[in-house]
file entry07.cif (mmCIF, C-alpha atoms)
data_data
loop_
_atom_site.group_PDB
_atom_site.id
_atom_site.type_symbol
_atom_site.label_atom_id
_atom_site.label_comp_id
_atom_site.auth_asym_id
_atom_site.auth_seq_id
_atom_site.Cartn_x
_atom_site.Cartn_y
_atom_site.Cartn_z
ATOM 1 C CA MET G 1 -14.357 133.882 -75.518
ATOM 2 C CA ARG G 2 -11.206 134.039 -73.451
ATOM 3 C CA LYS G 3 -13.324 134.245 -70.325
ATOM 4 C CA THR G 4 -15.293 131.152 -71.384
ATOM 5 C CA THR G 5 -12.075 129.252 -72.041
ATOM 6 C CA ARG G 6 -10.712 130.128 -68.607
ATOM 7 C CA VAL G 7 -13.932 128.862 -66.986
ATOM 8 C CA LEU G 8 -13.785 125.534 -68.870
ATOM 9 C CA ARG G 9 -10.138 125.021 -67.894
ATOM 10 C CA ALA G 10 -10.991 125.694 -64.258
ATOM 11 C CA VAL G 11 -13.830 123.159 -64.341
ATOM 12 C CA ALA G 12 -11.632 120.535 -65.996
ATOM 13 C CA ALA G 13 -8.932 121.078 -63.407
ATOM 14 C CA GLY G 14 -11.491 120.709 -60.621
ATOM 15 C CA VAL G 15 -12.780 117.426 -62.041
ATOM 16 C CA ALA G 16 -9.239 116.121 -62.365
ATOM 17 C CA LEU G 17 -8.502 117.012 -58.761
ATOM 18 C CA LEU G 18 -11.673 115.283 -57.587
ATOM 19 C CA PHE G 19 -10.738 112.120 -59.572
ATOM 20 C CA VAL G 20 -7.237 112.049 -58.098
ATOM 21 C CA ALA G 21 -8.617 112.626 -54.622
ATOM 22 C CA ALA G 22 -11.135 109.833 -55.057
ATOM 23 C CA CYS G 23 -8.453 107.434 -56.296
ATOM 24 C CA GLY G 24 -6.270 108.409 -53.391
ATOM 25 C CA ALA G 25 -9.095 107.765 -50.965
ATOM 26 C CA ASN G 26 -9.790 104.342 -52.518
ATOM 27 C CA ASN G 27 -6.115 103.393 -52.411
ATOM 28 C CA GLY G 28 -5.865 104.520 -48.835
ATOM 29 C CA THR G 29 -8.869 102.400 -47.858
ATOM 30 C CA ALA G 30 -7.547 99.339 -49.660
ATOM 31 C CA ASN G 31 -4.094 99.709 -48.153
ATOM 32 C CA THR G 32 -5.481 100.117 -44.681
ATOM 33 C CA ALA G 33 -7.540 96.926 -45.072
ATOM 34 C CA SER G 34 -4.780 94.840 -46.584
ATOM 35 C CA GLY G 35 -1.691 96.296 -45.014
ATOM 36 C CA ALA G 36 -0.073 96.396 -48.479
ATOM 37 C CA ASP G 37 2.348 99.062 -49.672
ATOM 38 C CA ALA G 38 0.879 101.975 -51.576
ATOM 39 C CA GLY G 39 1.047 101.773 -55.338
ATOM 40 C CA LYS G 40 0.864 97.957 -55.611
ATOM 41 C CA ALA G 41 -1.728 96.650 -58.057
ATOM 42 C CA LYS G 42 -4.523 94.518 -56.646
ATOM 43 C CA PRO G 43 -6.944 92.250 -58.497
ATOM 44 C CA GLU G 44 -10.482 93.526 -58.366
ATOM 45 C CA THR G 45 -11.989 90.009 -58.223
ATOM 46 C CA SER G 46 -10.693 86.529 -57.363
ATOM 47 C CA THR G 47 -11.579 83.323 -59.196
ATOM 48 C CA PRO G 48 -12.929 80.552 -56.912
ATOM 49 C CA ALA G 49 -10.745 77.459 -56.699
ATOM 50 C CA GLN G 50 -11.779 74.787 -59.203
ATOM 51 C CA THR G 51 -10.282 71.892 -57.240
ATOM 52 C CA ARG G 52 -9.334 71.019 -53.694
ATOM 53 C CA LYS G 53 -7.026 68.461 -52.142
ATOM 54 C CA LEU G 54 -8.230 65.700 -49.834
ATOM 55 C CA VAL G 55 -6.438 62.786 -48.202
ATOM 56 C CA ASP G 56 -7.833 59.274 -48.560
ATOM 57 C CA VAL G 57 -6.486 55.831 -47.736
ATOM 58 C CA MET G 58 -4.272 55.910 -50.848
ATOM 59 C CA GLY G 59 -2.784 59.357 -50.156
ATOM 60 C CA GLU G 60 -3.529 62.843 -51.441
ATOM 61 C CA VAL G 61 -6.186 63.241 -54.116
ATOM 62 C CA GLU G 62 -7.270 66.351 -56.005
ATOM 63 C CA VAL G 63 -11.042 66.526 -56.484
ATOM 64 C CA PRO G 64 -13.437 69.095 -57.949
ATOM 65 C CA ALA G 65 -14.343 71.886 -55.548
ATOM 66 C CA ASN G 66 -18.024 71.362 -56.366
ATOM 67 C CA PRO G 67 -18.546 67.897 -57.888
ATOM 68 C CA LYS G 68 -21.851 67.425 -59.685
ATOM 69 C CA ARG G 69 -21.676 64.020 -61.426
ATOM 70 C CA ILE G 70 -20.822 61.518 -58.732
ATOM 71 C CA VAL G 71 -20.474 57.751 -58.885
ATOM 72 C CA ALA G 72 -20.136 56.066 -55.482
ATOM 73 C CA PRO G 73 -21.133 52.397 -55.854
ATOM 74 C CA TYR G 74 -22.343 50.867 -52.591
ATOM 75 C CA VAL G 75 -22.013 54.251 -50.872
ATOM 76 C CA GLU G 76 -25.386 55.413 -52.185
ATOM 77 C CA ASP G 77 -26.882 55.261 -48.686
ATOM 78 C CA ALA G 78 -24.593 58.123 -47.685
ATOM 79 C CA LEU G 79 -25.313 60.059 -50.877
ATOM 80 C CA VAL G 80 -29.073 59.830 -50.376
ATOM 81 C CA ALA G 81 -28.689 60.843 -46.722
ATOM 82 C CA LEU G 82 -26.803 63.927 -47.947
ATOM 83 C CA GLY G 83 -29.454 64.736 -50.536
ATOM 84 C CA VAL G 84 -27.177 63.884 -53.468
ATOM 85 C CA LYS G 85 -28.319 61.874 -56.493
ATOM 86 C CA PRO G 86 -25.533 59.889 -58.220
ATOM 87 C CA VAL G 87 -25.306 59.440 -61.983
ATOM 88 C CA LEU G 88 -24.961 55.641 -61.586
ATOM 89 C CA GLN G 89 -25.932 53.212 -58.838
ATOM 90 C CA TRP G 90 -24.428 49.883 -57.764
ATOM 91 C CA SER G 91 -26.009 46.699 -59.043
ATOM 92 C CA LEU G 92 -25.189 43.026 -59.247
ATOM 93 C CA GLY G 93 -27.016 41.934 -62.353
ATOM 94 C CA SER G 94 -30.646 42.847 -61.682
ATOM 95 C CA MET G 95 -30.046 43.182 -57.943
ATOM 96 C CA VAL G 96 -29.991 46.728 -56.581
ATOM 97 C CA GLN G 97 -30.333 48.243 -53.133
ATOM 98 C CA ASP G 98 -34.121 48.021 -53.055
ATOM 99 C CA TYR G 99 -34.510 50.158 -49.959
ATOM 100 C CA LEU G 100 -33.029 53.187 -51.787
ATOM 101 C CA GLN G 101 -35.100 52.923 -54.946
ATOM 102 C CA THR G 102 -37.567 55.615 -53.927
ATOM 103 C CA ASP G 103 -34.657 58.017 -54.454
ATOM 104 C CA LEU G 104 -32.688 56.099 -57.090
ATOM 105 C CA LYS G 105 -35.331 54.461 -59.302
ATOM 106 C CA ASP G 106 -34.351 56.555 -62.345
ATOM 107 C CA VAL G 107 -30.590 56.210 -61.825
ATOM 108 C CA PRO G 108 -28.855 53.847 -64.317
ATOM 109 C CA LYS G 109 -27.097 50.777 -62.933
ATOM 110 C CA LEU G 110 -23.366 50.156 -62.728
ATOM 111 C CA ASP G 111 -23.158 46.366 -62.934
ATOM 112 C CA PHE G 112 -20.526 44.701 -60.742
ATOM 113 C CA THR G 113 -21.110 41.208 -62.130
ATOM 114 C CA GLY G 114 -17.626 39.990 -62.960
ATOM 115 C CA GLY G 115 -16.099 43.278 -61.796
ATOM 116 C CA VAL G 116 -16.760 46.945 -62.455
ATOM 117 C CA ASN G 117 -18.255 47.677 -65.877
ATOM 118 C CA MET G 118 -15.753 50.341 -66.939
ATOM 119 C CA GLU G 119 -17.576 51.113 -70.194
ATOM 120 C CA GLN G 120 -20.704 52.099 -68.276
ATOM 121 C CA LEU G 121 -18.562 54.218 -65.986
ATOM 122 C CA VAL G 122 -16.889 56.059 -68.866
ATOM 123 C CA ASN G 123 -20.221 56.727 -70.567
ATOM 124 C CA ALA G 124 -21.626 58.289 -67.389
ATOM 125 C CA ASN G 125 -18.962 61.014 -67.575
ATOM 126 C CA PRO G 126 -18.520 61.412 -63.793
ATOM 127 C CA ASP G 127 -16.512 64.241 -62.287
ATOM 128 C CA LEU G 128 -15.895 62.280 -59.053
ATOM 129 C CA ILE G 129 -15.649 58.536 -58.377
ATOM 130 C CA VAL G 130 -15.840 57.180 -54.825
ATOM 131 C CA LEU G 131 -14.671 53.610 -54.119
ATOM 132 C CA TYR G 132 -16.137 52.055 -50.979
ATOM 133 C CA THR G 133 -13.129 49.762 -50.438
ATOM 134 C CA LYS G 134 -9.461 49.928 -51.310
ATOM 135 C CA ARG G 135 -9.754 46.425 -52.748
ATOM 136 C CA LEU G 136 -11.349 48.028 -55.814
ATOM 137 C CA ALA G 137 -8.174 50.088 -56.259
ATOM 138 C CA GLU G 138 -5.734 47.165 -56.240
ATOM 139 C CA ASN G 139 -3.599 45.861 -59.126
ATOM 140 C CA ASP G 140 -3.355 49.197 -60.955
ATOM 141 C CA ALA G 141 -7.151 49.566 -60.993
ATOM 142 C CA LEU G 142 -6.882 52.976 -59.330
ATOM 143 C CA ALA G 143 -4.986 54.387 -62.311
ATOM 144 C CA LYS G 144 -7.790 53.223 -64.607
ATOM 145 C CA PHE G 145 -10.419 54.912 -62.468
ATOM 146 C CA LYS G 146 -8.386 58.121 -62.340
ATOM 147 C CA LYS G 147 -8.221 58.253 -66.115
ATOM 148 C CA ILE G 148 -12.001 58.557 -66.042
ATOM 149 C CA ALA G 149 -12.336 61.016 -63.139
ATOM 150 C CA PRO G 150 -10.699 62.018 -59.831
ATOM 151 C CA THR G 151 -11.131 59.062 -57.478
ATOM 152 C CA TYR G 152 -11.524 59.037 -53.698
ATOM 153 C CA VAL G 153 -10.894 55.684 -51.976
ATOM 154 C CA PHE G 154 -12.169 54.474 -48.597
ATOM 155 C CA ASP G 155 -10.415 51.745 -46.664
ATOM 156 C CA ASP G 156 -13.850 50.213 -46.019
ATOM 157 C CA ALA G 157 -16.774 52.624 -46.057
ATOM 158 C CA THR G 158 -19.080 50.102 -44.375
ATOM 159 C CA VAL G 159 -17.149 49.792 -41.098
ATOM 160 C CA ASP G 160 -17.777 53.260 -39.625
ATOM 161 C CA TRP G 161 -20.733 54.721 -41.487
ATOM 162 C CA LYS G 162 -20.708 57.956 -39.481
ATOM 163 C CA GLN G 163 -17.101 58.664 -40.410
ATOM 164 C CA THR G 164 -17.896 57.762 -44.023
ATOM 165 C CA LEU G 165 -20.822 60.190 -44.020
ATOM 166 C CA ARG G 166 -18.714 62.974 -42.524
ATOM 167 C CA LEU G 167 -15.855 62.483 -44.998
ATOM 168 C CA LEU G 168 -18.228 62.367 -47.939
ATOM 169 C CA GLY G 169 -20.131 65.358 -46.588
ATOM 170 C CA ASP G 170 -16.886 67.304 -46.471
ATOM 171 C CA ALA G 171 -15.904 66.277 -50.002
ATOM 172 C CA LEU G 172 -19.322 67.268 -51.380
ATOM 173 C CA ASN G 173 -19.724 70.457 -49.314
ATOM 174 C CA LYS G 174 -22.552 68.829 -47.365
ATOM 175 C CA ALA G 175 -21.073 68.780 -43.861
ATOM 176 C CA ASP G 176 -24.214 70.214 -42.246
ATOM 177 C CA ALA G 177 -26.396 67.599 -43.924
ATOM 178 C CA ALA G 178 -24.076 64.857 -42.634
ATOM 179 C CA GLU G 179 -24.340 66.049 -39.049
ATOM 180 C CA LYS G 180 -28.117 66.378 -39.340
ATOM 181 C CA ALA G 181 -28.431 62.774 -40.595
ATOM 182 C CA ILE G 182 -26.247 61.512 -37.748
ATOM 183 C CA GLN G 183 -28.261 63.409 -35.162
ATOM 184 C CA THR G 184 -31.514 62.029 -36.584
ATOM 185 C CA TYR G 185 -30.107 58.499 -36.336
ATOM 186 C CA ASP G 186 -28.886 59.002 -32.768
ATOM 187 C CA ASN G 187 -32.336 60.223 -31.773
ATOM 188 C CA LYS G 188 -33.876 57.097 -33.348
ATOM 189 C CA VAL G 189 -31.481 54.888 -31.362
ATOM 190 C CA LYS G 190 -32.408 56.604 -28.096
ATOM 191 C CA SER G 191 -36.122 56.239 -28.760
ATOM 192 C CA ALA G 192 -35.789 52.587 -29.796
ATOM 193 C CA LYS G 193 -33.795 51.631 -26.697
ATOM 194 C CA GLU G 194 -36.500 53.093 -24.486
ATOM 195 C CA LYS G 195 -39.172 51.073 -26.303
ATOM 196 C CA LEU G 196 -37.126 47.852 -26.254
ATOM 197 C CA GLU G 197 -35.966 47.975 -22.654
ATOM 198 C CA PRO G 198 -38.944 46.173 -21.063
ATOM 199 C CA PHE G 199 -38.748 43.343 -23.605
ATOM 200 C CA VAL G 200 -35.033 42.551 -23.993
ATOM 201 C CA LYS G 201 -33.739 42.113 -20.467
ATOM 202 C CA ASN G 202 -31.820 38.816 -20.248
ATOM 203 C CA LYS G 203 -32.776 37.995 -23.855
ATOM 204 C CA THR G 204 -30.245 36.951 -26.483
ATOM 205 C CA PHE G 205 -30.164 37.670 -30.202
ATOM 206 C CA ALA G 206 -28.624 36.227 -33.369
ATOM 207 C CA VAL G 207 -28.729 36.882 -37.108
ATOM 208 C CA ILE G 208 -28.559 34.145 -39.763
ATOM 209 C CA ARG G 209 -27.852 34.899 -43.403
ATOM 210 C CA VAL G 210 -28.831 32.356 -46.053
ATOM 211 C CA LYS G 211 -26.758 32.247 -49.246
ATOM 212 C CA PRO G 212 -27.365 29.984 -52.258
ATOM 213 C CA LYS G 213 -25.136 27.195 -50.953
ATOM 214 C CA GLU G 214 -24.711 27.850 -47.232
ATOM 215 C CA PHE G 215 -26.031 29.708 -44.230
ATOM 216 C CA LEU G 216 -23.962 31.899 -41.966
ATOM 217 C CA LEU G 217 -24.086 33.036 -38.368
ATOM 218 C CA MET G 218 -23.552 36.769 -38.677
ATOM 219 C CA ASP G 219 -20.860 38.606 -36.748
ATOM 220 C CA GLY G 220 -20.854 41.498 -34.312
ATOM 221 C CA THR G 221 -18.649 43.900 -36.251
ATOM 222 C CA TYR G 222 -20.240 44.463 -39.673
ATOM 223 C CA TYR G 223 -23.634 45.470 -41.041
ATOM 224 C CA SER G 224 -26.262 44.270 -38.542
ATOM 225 C CA GLY G 225 -23.870 43.526 -35.672
ATOM 226 C CA PRO G 226 -22.966 47.083 -34.630
ATOM 227 C CA VAL G 227 -26.606 48.176 -34.804
ATOM 228 C CA LEU G 228 -27.979 45.346 -32.660
ATOM 229 C CA TYR G 229 -25.174 44.802 -30.200
ATOM 230 C CA SER G 230 -23.610 48.253 -29.919
ATOM 231 C CA ASP G 231 -26.193 50.915 -30.805
ATOM 232 C CA LEU G 232 -29.229 49.138 -29.331
ATOM 233 C CA GLY G 233 -27.244 47.324 -26.636
ATOM 234 C CA LEU G 234 -28.868 43.941 -27.298
ATOM 235 C CA GLN G 235 -27.161 40.840 -25.937
ATOM 236 C CA PRO G 236 -25.613 38.563 -28.581
ATOM 237 C CA HIS G 237 -26.118 34.862 -28.128
ATOM 238 C CA LYS G 238 -23.026 33.128 -26.764
ATOM 239 C CA MET G 239 -22.574 31.283 -30.064
ATOM 240 C CA VAL G 240 -22.201 34.646 -31.797
ATOM 241 C CA ARG G 241 -19.635 35.713 -29.224
ATOM 242 C CA GLU G 242 -17.649 32.491 -29.377
ATOM 243 C CA LEU G 243 -17.878 31.549 -33.054
ATOM 244 C CA SER G 244 -18.530 34.495 -35.302
ATOM 245 C CA TRP G 245 -17.977 37.762 -33.440
ATOM 246 C CA GLU G 246 -15.165 39.036 -35.665
ATOM 247 C CA LEU G 247 -16.339 37.476 -38.922
ATOM 248 C CA ASN G 248 -19.468 35.630 -40.017
ATOM 249 C CA LYS G 249 -19.081 31.853 -40.034
ATOM 250 C CA PRO G 250 -20.882 29.040 -41.872
ATOM 251 C CA ILE G 251 -22.916 26.761 -39.643
ATOM 252 C CA SER G 252 -24.400 23.343 -40.326
ATOM 253 C CA LEU G 253 -27.857 22.007 -39.544
ATOM 254 C CA GLU G 254 -26.263 19.838 -36.877
ATOM 255 C CA MET G 255 -25.057 22.988 -35.061
ATOM 256 C CA LEU G 256 -28.526 24.541 -34.820
ATOM 257 C CA PRO G 257 -29.451 23.094 -31.394
ATOM 258 C CA GLN G 258 -26.625 25.165 -29.915
ATOM 259 C CA LEU G 259 -28.317 28.344 -31.150
ATOM 260 C CA ASP G 260 -30.928 28.660 -28.409
ATOM 261 C CA ALA G 261 -31.221 32.439 -28.801
ATOM 262 C CA ASP G 262 -34.456 34.127 -27.756
ATOM 263 C CA TYR G 263 -34.698 36.088 -31.020
ATOM 264 C CA ILE G 264 -33.320 35.285 -34.480
ATOM 265 C CA PHE G 265 -33.374 37.524 -37.540
ATOM 266 C CA LEU G 266 -33.194 35.700 -40.877
ATOM 267 C CA LEU G 267 -31.750 37.170 -44.072
ATOM 268 C CA VAL G 268 -32.244 35.416 -47.422
ATOM 269 C CA GLN G 269 -29.792 36.591 -50.079
ATOM 270 C CA GLY G 270 -31.965 36.772 -53.184
ATOM 271 C CA GLU G 271 -34.102 34.223 -54.993
ATOM 272 C CA ALA G 272 -31.071 32.016 -55.637
ATOM 273 C CA ALA G 273 -30.929 31.319 -51.905
ATOM 274 C CA ARG G 274 -34.585 30.350 -51.505
ATOM 275 C CA ASP G 275 -34.006 26.608 -51.853
ATOM 276 C CA THR G 276 -31.322 26.677 -49.175
ATOM 277 C CA ALA G 277 -33.583 28.769 -46.964
ATOM 278 C CA LYS G 278 -36.366 26.230 -47.438
ATOM 279 C CA GLU G 279 -34.034 23.385 -46.485
ATOM 280 C CA LEU G 280 -33.100 25.278 -43.330
ATOM 281 C CA THR G 281 -36.496 26.503 -42.180
ATOM 282 C CA GLU G 282 -38.367 23.263 -42.888
ATOM 283 C CA SER G 283 -35.893 21.113 -40.984
ATOM 284 C CA ALA G 284 -36.878 19.529 -37.676
ATOM 285 C CA LEU G 285 -33.820 21.069 -36.050
ATOM 286 C CA TRP G 286 -34.946 24.576 -37.044
ATOM 287 C CA LYS G 287 -38.453 23.951 -35.779
ATOM 288 C CA GLY G 288 -36.976 22.737 -32.513
ATOM 289 C CA LEU G 289 -35.312 26.063 -31.781
ATOM 290 C CA PRO G 290 -36.682 28.012 -28.775
ATOM 291 C CA ALA G 291 -37.000 31.120 -30.948
ATOM 292 C CA PHE G 292 -39.141 29.191 -33.460
ATOM 293 C CA LYS G 293 -41.414 27.808 -30.755
ATOM 294 C CA GLN G 294 -41.901 31.290 -29.318
ATOM 295 C CA GLY G 295 -42.590 32.868 -32.715
ATOM 296 C CA HIS G 296 -39.434 34.931 -32.392
ATOM 297 C CA ILE G 297 -37.822 34.263 -35.778
ATOM 298 C CA PHE G 298 -38.261 37.139 -38.207
ATOM 299 C CA GLU G 299 -37.256 37.285 -41.865
ATOM 300 C CA VAL G 300 -35.975 40.755 -42.725
ATOM 301 C CA ASP G 301 -34.894 42.585 -45.874
ATOM 302 C CA ASN G 302 -31.450 41.395 -46.943
ATOM 303 C CA THR G 303 -30.741 44.535 -48.982
ATOM 304 C CA TYR G 304 -30.476 46.864 -46.010
ATOM 305 C CA TRP G 305 -29.500 44.348 -43.340
ATOM 306 C CA MET G 306 -26.443 43.705 -45.526
ATOM 307 C CA ALA G 307 -25.711 47.411 -45.924
ATOM 308 C CA SER G 308 -24.443 50.153 -43.673
ATOM 309 C CA GLY G 309 -25.473 53.780 -43.359
ATOM 310 C CA ALA G 310 -27.900 56.198 -41.757
ATOM 311 C CA ILE G 311 -30.811 54.943 -43.843
ATOM 312 C CA ALA G 312 -30.028 51.197 -43.778
ATOM 313 C CA ASN G 313 -29.296 51.162 -40.063
ATOM 314 C CA GLY G 314 -32.400 53.179 -39.312
ATOM 315 C CA LYS G 315 -34.484 50.580 -41.136
ATOM 316 C CA LYS G 316 -32.832 47.776 -39.153
ATOM 317 C CA ILE G 317 -33.841 49.539 -35.965
ATOM 318 C CA ASP G 318 -37.405 49.827 -37.216
ATOM 319 C CA ASP G 319 -37.449 46.082 -37.916
ATOM 320 C CA VAL G 320 -36.138 45.226 -34.457
ATOM 321 C CA VAL G 321 -38.660 47.431 -32.691
ATOM 322 C CA LYS G 322 -41.534 46.128 -34.811
ATOM 323 C CA SER G 323 -40.521 42.498 -34.140
ATOM 324 C CA VAL G 324 -39.748 42.675 -30.435
ATOM 325 C CA VAL G 325 -42.059 45.313 -28.987
ATOM 326 C CA LYS G 326 -45.546 43.810 -28.665
#
call {"tool": "encode", "arguments": {"input": "entry07.cif", "output": "structure tokens"}}
result
Amino acid sequence: MRKTTRVLRAVAAGVALLFVAACGANNGTANTASGADAGKAKPETSTPAQTRKLVDVMGEVEVPANPKRIVAPYVEDALVALGVKPVLQWSLGSMVQDYLQTDLKDVPKLDFTGGVNMEQLVNANPDLIVLYTKRLAENDALAKFKKIAPTYVFDDATVDWKQTLRLLGDALNKADAAEKAIQTYDNKVKSAKEKLEPFVKNKTFAVIRVKPKEFLLMDGTYYSGPVLYSDLGLQPHKMVRELSWELNKPISLEMLPQLDADYIFLLVQGEAARDTAKELTESALWKGLPAFKQGHIFEVDNTYWMASGAIANGKKIDDVVKSVVK
């Protein structure tokens, strides 16, 4: 019996020594890796950050590390390009961005008629709100949005769509998708320029937008302008350069004879503008335009010609190539 007891004690002592040695080895490994002093406690696991800080046009904003329920009215082009489906989409009454409906057809509308419908926004329970312009954050509106969810504000998301896509890609952990979308667009531009080159030398272009009560000569800095005149390198008509380059300007029927561009793209802003469009396009002055006589006036989709982004701009390029390359 005594012999058995001595054996058990020896075994127990051996196990204890092995345990201590193992702990010592583990501590030594940990300390070597971390450079910490021996004997300091270390957490076995770390909890991932739940939020992160970004800087927008209004200052620093704390957003979810991995937002899932996003509302970004009129920035949906960027969301779709990133492979993200929002919980609400921009609308103006029944009007939506038709060209995105393949991806957004089941997404409820956030109606901007008379301003943002805050009740709809609250009910959607977003975890991140993105405002495409700082004008939506004026007059204490930002505080109201922030009561609903963390809110990121662009100065104007439509001006530099590539920068918008990159910033949003970073905020949504989709940076690689952003760069891929930009590269795809740049490749489309290169291909289109090669196709257009034989047809556009010494030719001039203009874009007219018809609204319910007026028609405008579109500018060179927003929406269609940068695509036509910068990306594709098309030559704007001198009237665009002289009258509306920085900002679209209303024009009268009497001014039409000055617009002797070789190609004109026509945008009609919804059914409410159809009567005005009819007045314009059935006038003798319109039918006297060189572009009309040559069959070089093309009506295009207002919803993406009056939008900005990888998808919208790609569709504009498709329209230009289809219209000009014969």
call {"tool": "residues_around", "arguments": {"input": "entry07.cif", "residues": "Gly225 in chain G", "least_positions_apart": "6", "cutoff": "10 Å", "atoms": "only C-alpha atoms", "output": "PDB file with C-alpha atoms, in the frame of the given file"}}
result
ATOM      1  CA  ALA G 206     -28.624  36.227 -33.369  1.00  0.00           C
ATOM      2  CA  VAL G 207     -28.729  36.882 -37.108  1.00  0.00           C
ATOM      3  CA  MET G 218     -23.552  36.769 -38.677  1.00  0.00           C
ATOM      4  CA  ASP G 219     -20.860  38.606 -36.748  1.00  0.00           C
ATOM      5  CA  ASP G 231     -26.193  50.915 -30.805  1.00  0.00           C
ATOM      6  CA  LEU G 234     -28.868  43.941 -27.298  1.00  0.00           C
ATOM      7  CA  PRO G 236     -25.613  38.563 -28.581  1.00  0.00           C
ATOM      8  CA  VAL G 240     -22.201  34.646 -31.797  1.00  0.00           C
ATOM      9  CA  TRP G 245     -17.977  37.762 -33.440  1.00  0.00           C
ATOM     10  CA  GLU G 246     -15.165  39.036 -35.665  1.00  0.00           C
ATOM     11  CA  TRP G 305     -29.500  44.348 -43.340  1.00  0.00           C
TER      12      TRP G 305
END
call {"tool": "resolve_selection", "arguments": {"input": "entry07.cif", "expression": "the PyMOL selection byres ((chain G and resi 322) around 12)", "output": "number ranges by chain"}}
result
G: 192, 195-196, 199, 296, 298, 300, 315-321, 323-326
call {"tool": "residues_near_point", "arguments": {"input": "entry07.cif", "point": "(-13.8, 54.4, -47.6)", "cutoff": "7 Å", "atoms": "all atoms listed in the file", "output": "PyMOL selection string"}}
result
chain G and resi 131-133+153-157+164
call {"tool": "closest_residue", "arguments": {"input": "entry07.cif", "among": "G:Phe292, G:Tyr185, G:Tyr263, G:Trp161", "to": "Ala78 in chain G", "atoms": "only C-alpha atoms"}}
result
G:Trp161
call {"tool": "closest_residue", "arguments": {"input": "entry07.cif", "among": "G:Ser244, G:Asn125, G:Ser191, G:Gln183", "to": "Ala81 in chain G", "atoms": "only C-alpha atoms"}}
result
G:Gln183
call {"tool": "atom_distance", "arguments": {"input": "entry07.cif", "atom1": "CA of Asn187 in chain G", "atom2": "CA of Ala310 in chain G"}}
result
11.6 Å
call {"tool": "closest_residue", "arguments": {"input": "entry07.cif", "among": "G:Ala65, G:Val107, G:Leu253, G:Ile148", "to": "Glu119 in chain G", "atoms": "all atoms listed in the file"}}
result
G:Ile148
call {"tool": "resolve_selection", "arguments": {"input": "entry07.cif", "expression": "the PyMOL selection byres ((chain G and resi 66) around 10)", "output": "MDAnalysis selection string"}}
result
chainID G and resid 49:52 63:65 67:69 127:128 171:173
call {"tool": "atom_distance", "arguments": {"input": "entry07.cif", "atom1": "CA of Gln89 in chain G", "atom2": "CA of Leu165 in chain G"}}
result
17.2 Å
call {"tool": "closest_residue", "arguments": {"input": "entry07.cif", "among": "G:Ile70, G:Leu79, G:Leu92, G:Asp262", "to": "Ala124 in chain G", "atoms": "all atoms listed in the file"}}
result
G:Ile70
call {"tool": "closest_residue", "arguments": {"input": "entry07.cif", "among": "G:Leu216, G:Leu285, G:Val96, G:Val268", "to": "Asp301 in chain G", "atoms": "only C-alpha atoms"}}
result
G:Val268
call {"tool": "build_atoms", "arguments": {"input": "entry07.cif", "residues": "range 224-232 of chain G", "atoms": "N, CA, C and O atoms", "output": "PDB file, keeping the file's coordinate frame"}}
result
ATOM      1  N   SER G 224     -25.246  44.303 -39.597  1.00  0.00           N
ATOM      2  CA  SER G 224     -26.262  44.270 -38.542  1.00  0.00           C
ATOM      3  C   SER G 224     -25.657  44.263 -37.141  1.00  0.00           C
ATOM      4  O   SER G 224     -26.264  44.777 -36.193  1.00  0.00           O
ATOM      5  N   GLY G 225     -24.472  43.686 -36.996  1.00  0.00           N
ATOM      6  CA  GLY G 225     -23.870  43.526 -35.672  1.00  0.00           C
ATOM      7  C   GLY G 225     -23.754  44.810 -34.870  1.00  0.00           C
ATOM      8  O   GLY G 225     -24.246  44.885 -33.730  1.00  0.00           O
ATOM      9  N   PRO G 226     -23.109  45.840 -35.396  1.00  0.00           N
ATOM     10  CA  PRO G 226     -22.966  47.083 -34.630  1.00  0.00           C
ATOM     11  C   PRO G 226     -24.296  47.732 -34.251  1.00  0.00           C
ATOM     12  O   PRO G 226     -24.399  48.359 -33.198  1.00  0.00           O
ATOM     13  N   VAL G 227     -25.298  47.584 -35.106  1.00  0.00           N
ATOM     14  CA  VAL G 227     -26.606  48.176 -34.804  1.00  0.00           C
ATOM     15  C   VAL G 227     -27.261  47.454 -33.633  1.00  0.00           C
ATOM     16  O   VAL G 227     -27.717  48.074 -32.660  1.00  0.00           O
ATOM     17  N   LEU G 228     -27.314  46.118 -33.706  1.00  0.00           N
ATOM     18  CA  LEU G 228     -27.979  45.346 -32.660  1.00  0.00           C
ATOM     19  C   LEU G 228     -27.209  45.370 -31.351  1.00  0.00           C
ATOM     20  O   LEU G 228     -27.786  45.660 -30.285  1.00  0.00           O
ATOM     21  N   TYR G 229     -25.919  45.070 -31.422  1.00  0.00           N
ATOM     22  CA  TYR G 229     -25.174  44.802 -30.200  1.00  0.00           C
ATOM     23  C   TYR G 229     -24.482  46.029 -29.607  1.00  0.00           C
ATOM     24  O   TYR G 229     -24.186  46.048 -28.415  1.00  0.00           O
ATOM     25  N   SER G 230     -24.242  47.035 -30.428  1.00  0.00           N
ATOM     26  CA  SER G 230     -23.610  48.253 -29.919  1.00  0.00           C
ATOM     27  C   SER G 230     -24.633  49.373 -29.768  1.00  0.00           C
ATOM     28  O   SER G 230     -24.884  49.841 -28.659  1.00  0.00           O
ATOM     29  N   ASP G 231     -25.261  49.787 -30.867  1.00  0.00           N
ATOM     30  CA  ASP G 231     -26.193  50.915 -30.805  1.00  0.00           C
ATOM     31  C   ASP G 231     -27.385  50.615 -29.900  1.00  0.00           C
ATOM     32  O   ASP G 231     -27.734  51.417 -29.028  1.00  0.00           O
ATOM     33  N   LEU G 232     -28.034  49.473 -30.115  1.00  0.00           N
ATOM     34  CA  LEU G 232     -29.229  49.138 -29.331  1.00  0.00           C
ATOM     35  C   LEU G 232     -28.896  48.429 -28.022  1.00  0.00           C
ATOM     36  O   LEU G 232     -29.765  48.278 -27.155  1.00  0.00           O
TER      37      LEU G 232
END
